[in-house]
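File shown here: my_file_38.cif, holding mmCIF, C-alpha atoms.
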```
data_query
loop_
_atom_site.group_PDB
_atom_site.id
_atom_site.type_symbol
_atom_site.label_atom_id
_atom_site.label_comp_id
_atom_site.auth_asym_id
_atom_site.auth_seq_id
_atom_site.Cartn_x
_atom_site.Cartn_y
_atom_site.Cartn_z
ATOM 1 C CA MET K 554 123.568 -14.599 209.552
ATOM 2 C CA TYR K 555 126.591 -14.395 207.339
ATOM 3 C CA LYS K 556 129.794 -16.333 207.056
ATOM 4 C CA ALA K 557 132.833 -14.101 206.589
ATOM 5 C CA THR K 558 136.056 -15.412 205.047
ATOM 6 C CA ILE K 559 138.855 -12.964 205.766
ATOM 7 C CA THR K 560 142.297 -13.142 204.169
ATOM 8 C CA VAL K 561 145.113 -11.292 205.908
ATOM 9 C CA LYS K 562 148.373 -11.027 203.965
ATOM 10 C CA LEU K 563 151.667 -9.330 204.635
ATOM 11 C CA ARG K 564 152.132 -6.310 202.377
ATOM 12 C CA PRO K 565 154.294 -7.165 199.364
ATOM 13 C CA SER K 566 157.150 -4.941 200.607
ATOM 14 C CA ILE K 567 157.377 -6.757 203.968
ATOM 15 C CA LEU K 568 159.794 -9.674 204.291
ATOM 16 C CA ASP K 569 158.036 -12.990 205.008
ATOM 17 C CA PRO K 570 160.350 -15.236 207.063
ATOM 18 C CA GLU K 571 157.775 -18.047 207.316
ATOM 19 C CA GLY K 572 157.410 -18.068 203.530
ATOM 20 C CA LYS K 573 161.199 -18.135 203.141
ATOM 21 C CA ALA K 574 161.459 -21.085 205.546
ATOM 22 C CA ILE K 575 158.809 -23.007 203.602
ATOM 23 C CA GLU K 576 160.558 -22.206 200.323
ATOM 24 C CA HIS K 577 163.839 -23.466 201.731
ATOM 25 C CA ALA K 578 162.164 -26.690 202.920
ATOM 26 C CA LEU K 579 160.578 -27.160 199.474
ATOM 27 C CA GLN K 580 164.014 -26.800 197.841
ATOM 28 C CA SER K 581 165.423 -29.402 200.245
ATOM 29 C CA LEU K 582 162.639 -31.783 199.170
ATOM 30 C CA GLU K 583 163.627 -31.185 195.511
ATOM 31 C CA TYR K 584 160.559 -29.069 194.751
ATOM 32 C CA THR K 585 162.758 -26.578 192.939
ATOM 33 C CA ARG K 586 159.904 -25.528 190.645
ATOM 34 C CA LEU K 587 157.946 -23.987 193.509
ATOM 35 C CA SER K 588 159.066 -20.508 194.540
ATOM 36 C CA GLY K 589 157.936 -17.110 195.779
ATOM 37 C CA VAL K 590 156.163 -18.485 198.842
ATOM 38 C CA ARG K 591 154.120 -15.998 200.893
ATOM 39 C CA VAL K 592 152.124 -17.048 203.941
ATOM 40 C CA GLY K 593 148.980 -15.310 205.121
ATOM 41 C CA LYS K 594 146.054 -16.091 207.382
ATOM 42 C CA GLU K 595 142.543 -17.110 206.518
ATOM 43 C CA ILE K 596 140.041 -16.348 209.254
ATOM 44 C CA GLU K 597 136.482 -17.652 209.084
ATOM 45 C CA LEU K 598 133.762 -16.398 211.376
ATOM 46 C CA THR K 599 130.007 -16.129 211.680
ATOM 47 C CA VAL K 600 128.361 -12.700 211.726
ATOM 48 C CA ASP K 601 124.975 -12.255 213.368
ATOM 49 C CA ALA K 602 123.635 -9.351 211.264
ATOM 50 C CA GLU K 603 120.319 -8.612 209.538
ATOM 51 C CA ASP K 604 121.758 -7.411 206.260
ATOM 52 C CA ALA K 605 124.975 -7.548 204.270
ATOM 53 C CA ALA K 606 125.828 -3.867 204.829
ATOM 54 C CA THR K 607 125.797 -4.271 208.632
ATOM 55 C CA ALA K 608 127.812 -7.487 208.401
ATOM 56 C CA GLU K 609 130.347 -5.800 206.124
ATOM 57 C CA LYS K 610 130.737 -2.853 208.492
ATOM 58 C CA LEU K 611 131.238 -5.144 211.518
ATOM 59 C CA VAL K 612 133.810 -7.351 209.784
ATOM 60 C CA ASP K 613 135.691 -4.384 208.343
ATOM 61 C CA GLU K 614 135.921 -2.783 211.814
ATOM 62 C CA ALA K 615 137.066 -6.035 213.422
ATOM 63 C CA CYS K 616 139.738 -6.463 210.736
ATOM 64 C CA SER K 617 141.144 -2.966 211.098
ATOM 65 C CA LYS K 618 141.019 -2.988 214.910
ATOM 66 C CA LEU K 619 142.068 -6.534 215.739
ATOM 67 C CA LEU K 620 142.559 -9.071 212.973
ATOM 68 C CA ALA K 621 145.085 -7.278 210.780
ATOM 69 C CA ASN K 622 148.049 -5.071 211.596
ATOM 70 C CA PRO K 623 147.422 -2.050 209.343
ATOM 71 C CA VAL K 624 151.113 -1.176 209.164
ATOM 72 C CA MET K 625 152.296 -4.543 207.854
ATOM 73 C CA GLU K 626 149.231 -6.340 206.543
ATOM 74 C CA ASP K 627 146.434 -5.988 204.005
ATOM 75 C CA TYR K 628 143.092 -7.695 204.372
ATOM 76 C CA THR K 629 140.214 -8.663 202.123
ATOM 77 C CA PHE K 630 137.017 -10.473 202.990
ATOM 78 C CA GLU K 631 133.993 -12.113 201.448
ATOM 79 C CA LEU K 632 130.555 -12.527 202.961
ATOM 80 C CA GLN K 633 128.250 -15.415 202.277
ATOM 81 C CA GLU K 634 124.661 -15.517 203.522
ATOM 82 C CA LEU K 635 123.859 -18.550 205.687
ATOM 83 C CA MET D 668 153.969 -20.521 185.106
ATOM 84 C CA TYR D 669 151.095 -20.732 187.523
ATOM 85 C CA LYS D 670 150.207 -19.013 190.742
ATOM 86 C CA ALA D 671 148.884 -21.411 193.376
ATOM 87 C CA THR D 672 146.734 -20.189 196.260
ATOM 88 C CA ILE D 673 146.599 -22.889 198.921
ATOM 89 C CA THR D 674 144.260 -22.804 201.905
ATOM 90 C CA VAL D 675 145.161 -25.010 204.870
ATOM 91 C CA LYS D 676 142.485 -25.324 207.564
ATOM 92 C CA LEU D 677 142.248 -27.311 210.745
ATOM 93 C CA ARG D 678 139.745 -30.151 210.412
ATOM 94 C CA PRO D 679 136.378 -29.185 211.903
ATOM 95 C CA SER D 680 136.759 -31.715 214.740
ATOM 96 C CA ILE D 681 140.092 -30.231 215.891
ATOM 97 C CA LEU D 682 140.046 -27.531 218.573
ATOM 98 C CA ASP D 683 141.390 -24.203 217.321
ATOM 99 C CA PRO D 684 143.020 -22.322 220.235
ATOM 100 C CA GLU D 685 144.062 -19.359 218.051
ATOM 101 C CA GLY D 686 140.462 -18.979 216.857
ATOM 102 C CA LYS D 687 139.211 -19.143 220.438
ATOM 103 C CA ALA D 688 141.693 -16.459 221.509
ATOM 104 C CA ILE D 689 140.561 -14.174 218.671
ATOM 105 C CA GLU D 690 136.910 -14.812 219.541
ATOM 106 C CA HIS D 691 137.601 -13.913 223.169
ATOM 107 C CA ALA D 692 139.380 -10.705 222.099
ATOM 108 C CA LEU D 693 136.430 -9.814 219.838
ATOM 109 C CA GLN D 694 134.011 -10.264 222.749
ATOM 110 C CA SER D 695 136.212 -8.003 224.901
ATOM 111 C CA LEU D 696 135.997 -5.341 222.184
ATOM 112 C CA GLU D 697 132.156 -5.664 222.266
ATOM 113 C CA TYR D 698 131.990 -7.476 218.920
ATOM 114 C CA THR D 699 129.536 -9.941 220.395
ATOM 115 C CA ARG D 700 127.913 -10.576 217.029
ATOM 116 C CA LEU D 701 131.041 -12.219 215.642
ATOM 117 C CA SER D 702 131.527 -15.845 216.640
ATOM 118 C CA GLY D 703 132.746 -19.258 215.518
ATOM 119 C CA VAL D 704 136.230 -18.038 214.626
ATOM 120 C CA ARG D 705 138.525 -20.534 212.883
ATOM 121 C CA VAL D 706 142.018 -19.626 211.734
ATOM 122 C CA GLY D 707 143.782 -21.238 208.802
ATOM 123 C CA LYS D 708 146.711 -20.446 206.557
ATOM 124 C CA GLU D 709 146.754 -19.116 203.049
ATOM 125 C CA ILE D 710 149.937 -19.927 201.169
ATOM 126 C CA GLU D 711 150.702 -18.376 197.799
ATOM 127 C CA LEU D 712 153.469 -19.630 195.571
ATOM 128 C CA THR D 713 154.627 -19.658 191.973
ATOM 129 C CA VAL D 714 154.805 -22.951 190.073
ATOM 130 C CA ASP D 715 157.164 -23.301 187.137
ATOM 131 C CA ALA D 716 155.246 -25.889 185.082
ATOM 132 C CA GLU D 717 154.295 -26.216 181.422
ATOM 133 C CA ASP D 718 150.683 -27.209 181.947
ATOM 134 C CA ALA D 719 148.006 -27.121 184.614
ATOM 135 C CA ALA D 720 148.083 -30.900 185.227
ATOM 136 C CA THR D 721 151.807 -30.853 186.114
ATOM 137 C CA ALA D 722 151.331 -27.786 188.306
ATOM 138 C CA GLU D 723 148.410 -29.439 190.090
ATOM 139 C CA LYS D 724 150.394 -32.607 190.742
ATOM 140 C CA LEU D 725 153.378 -30.656 192.135
ATOM 141 C CA VAL D 726 151.265 -28.483 194.426
ATOM 142 C CA ASP D 727 149.201 -31.436 195.647
ATOM 143 C CA GLU D 728 152.390 -33.359 196.519
ATOM 144 C CA ALA D 729 153.935 -30.351 198.286
ATOM 145 C CA CYS D 730 150.724 -29.882 200.300
ATOM 146 C CA SER D 731 150.492 -33.482 201.423
ATOM 147 C CA LYS D 732 154.226 -33.810 202.196
ATOM 148 C CA LEU D 733 155.042 -30.436 203.712
ATOM 149 C CA LEU D 734 152.444 -27.696 203.786
ATOM 150 C CA ALA D 735 149.591 -29.457 205.569
ATOM 151 C CA ASN D 736 149.524 -31.930 208.417
ATOM 152 C CA PRO D 737 147.271 -34.689 207.047
ATOM 153 C CA VAL D 738 146.180 -35.790 210.513
ATOM 154 C CA MET D 739 144.882 -32.405 211.669
ATOM 155 C CA GLU D 740 144.458 -30.295 208.566
ATOM 156 C CA ASP D 741 142.620 -30.191 205.242
ATOM 157 C CA TYR D 742 143.879 -28.294 202.240
ATOM 158 C CA THR D 743 142.437 -26.928 199.032
ATOM 159 C CA PHE D 744 144.157 -24.973 196.288
ATOM 160 C CA GLU D 745 143.479 -22.985 193.155
ATOM 161 C CA LEU D 746 145.779 -22.458 190.201
ATOM 162 C CA GLN D 747 145.870 -19.363 188.067
ATOM 163 C CA GLU D 748 147.934 -19.113 184.889
ATOM 164 C CA LEU D 749 150.454 -16.248 184.901
#
```
How does this structure look as structure tokens?
Amino acid sequence: MYKATITVKLRPSILDPEGKAIEHALQSLEYTRLSGVRVGKEIELTVDAEDAATAEKLVDEACSKLLANPVMEDYTFELQEL
Amino acid sequence: MYKATITVKLRPSILDPEGKAIEHALQSLEYTRLSGVRVGKEIELTVDAEDAATAEKLVDEACSKLLANPVMEDYTFELQEL
């Protein structure tokens, strides 16, 4: 069993309206020293696999097919044995 | 200048409907070995501060006031000098 921690981020060239909204709210709260906000997703899941290679293959497939939009997003993940 | 990477997760006791929806979609795609999906946010931002202590204080304040909902969510963050 492995725990996978997947990070899905918008590609740097894609506009991030949620990040812009947060940045605007931070400015309104006088946090003018915080900038360049980008928002991504962190997905945690449990993988029932015998070895790390199988777990990696499963998670990579799930990311490319379902969890990330390959046109707009990049993903990375880490596996941790349970 | 520091880069802050903030992870905001729902507390373990809080139901995660987005995670459940993803888990259901994974099962439909025959990824039955992936389970226990939880979805959080990863927020990246740039902090204009002279030292790590000031940056940490600013980011911690922004998290507790704006970025995380203290009733339902936990947050952690890492700082990296730019």
### Message
At a cut-off of 10 Å, which residues of chain D touch chain K? Count all atoms listed in the file and give the answer as an NGL selection string.
### Response
:D and (668-676 or 686 or 689-690 or 692-693 or 696 or 698-716 or 722 or 725-726 or 728-729 or 732-734)
### Task
Mind giving me the straight-line distance from CA of Arg678 in chain D to CA of Asp727 in chain D in Å, one decimal?
17.6 Å
### Message
For the provided coordinates, the residues matched by the PyMOL selection byres ((chain D and resi 680) around 12) should be stated as a list in words.
### Response
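When the PyMOL selection byres ((chain D and resi 680) around 12) is applied to the shown file, the picked residues are Lys676, Leu677, Arg678, Pro679, Ile681, Leu682, Asp683, Arg705, Val738, Met739, Glu740 and Asp741 of chain D.
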### Task
Figure out the distance between CA of Ala605 in chain K and CA of Glu631 in chain K, please, to one decimal in Å.
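Result for CA of Glu631 in chain K versus CA of Ala605 in chain K: 10.5 Å, one decimal.
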#### Entry: Given all atoms listed in the file as the counted atoms, nearest of D:His691, D:Glu685, D:Leu746, D:Pro737 to Lys724 in chain D
D:Leu746
Axis-aligned box for all listed atoms of range 735-748 of chain D, 6 Å per side, centre and edges in Å to one decimal, as AutoDock Vina command-line options:
```
--center_x 146.0 --center_y -27.5 --center_z 198.3 --size_x 19.2 --size_y 28.7 --size_z 38.8
```
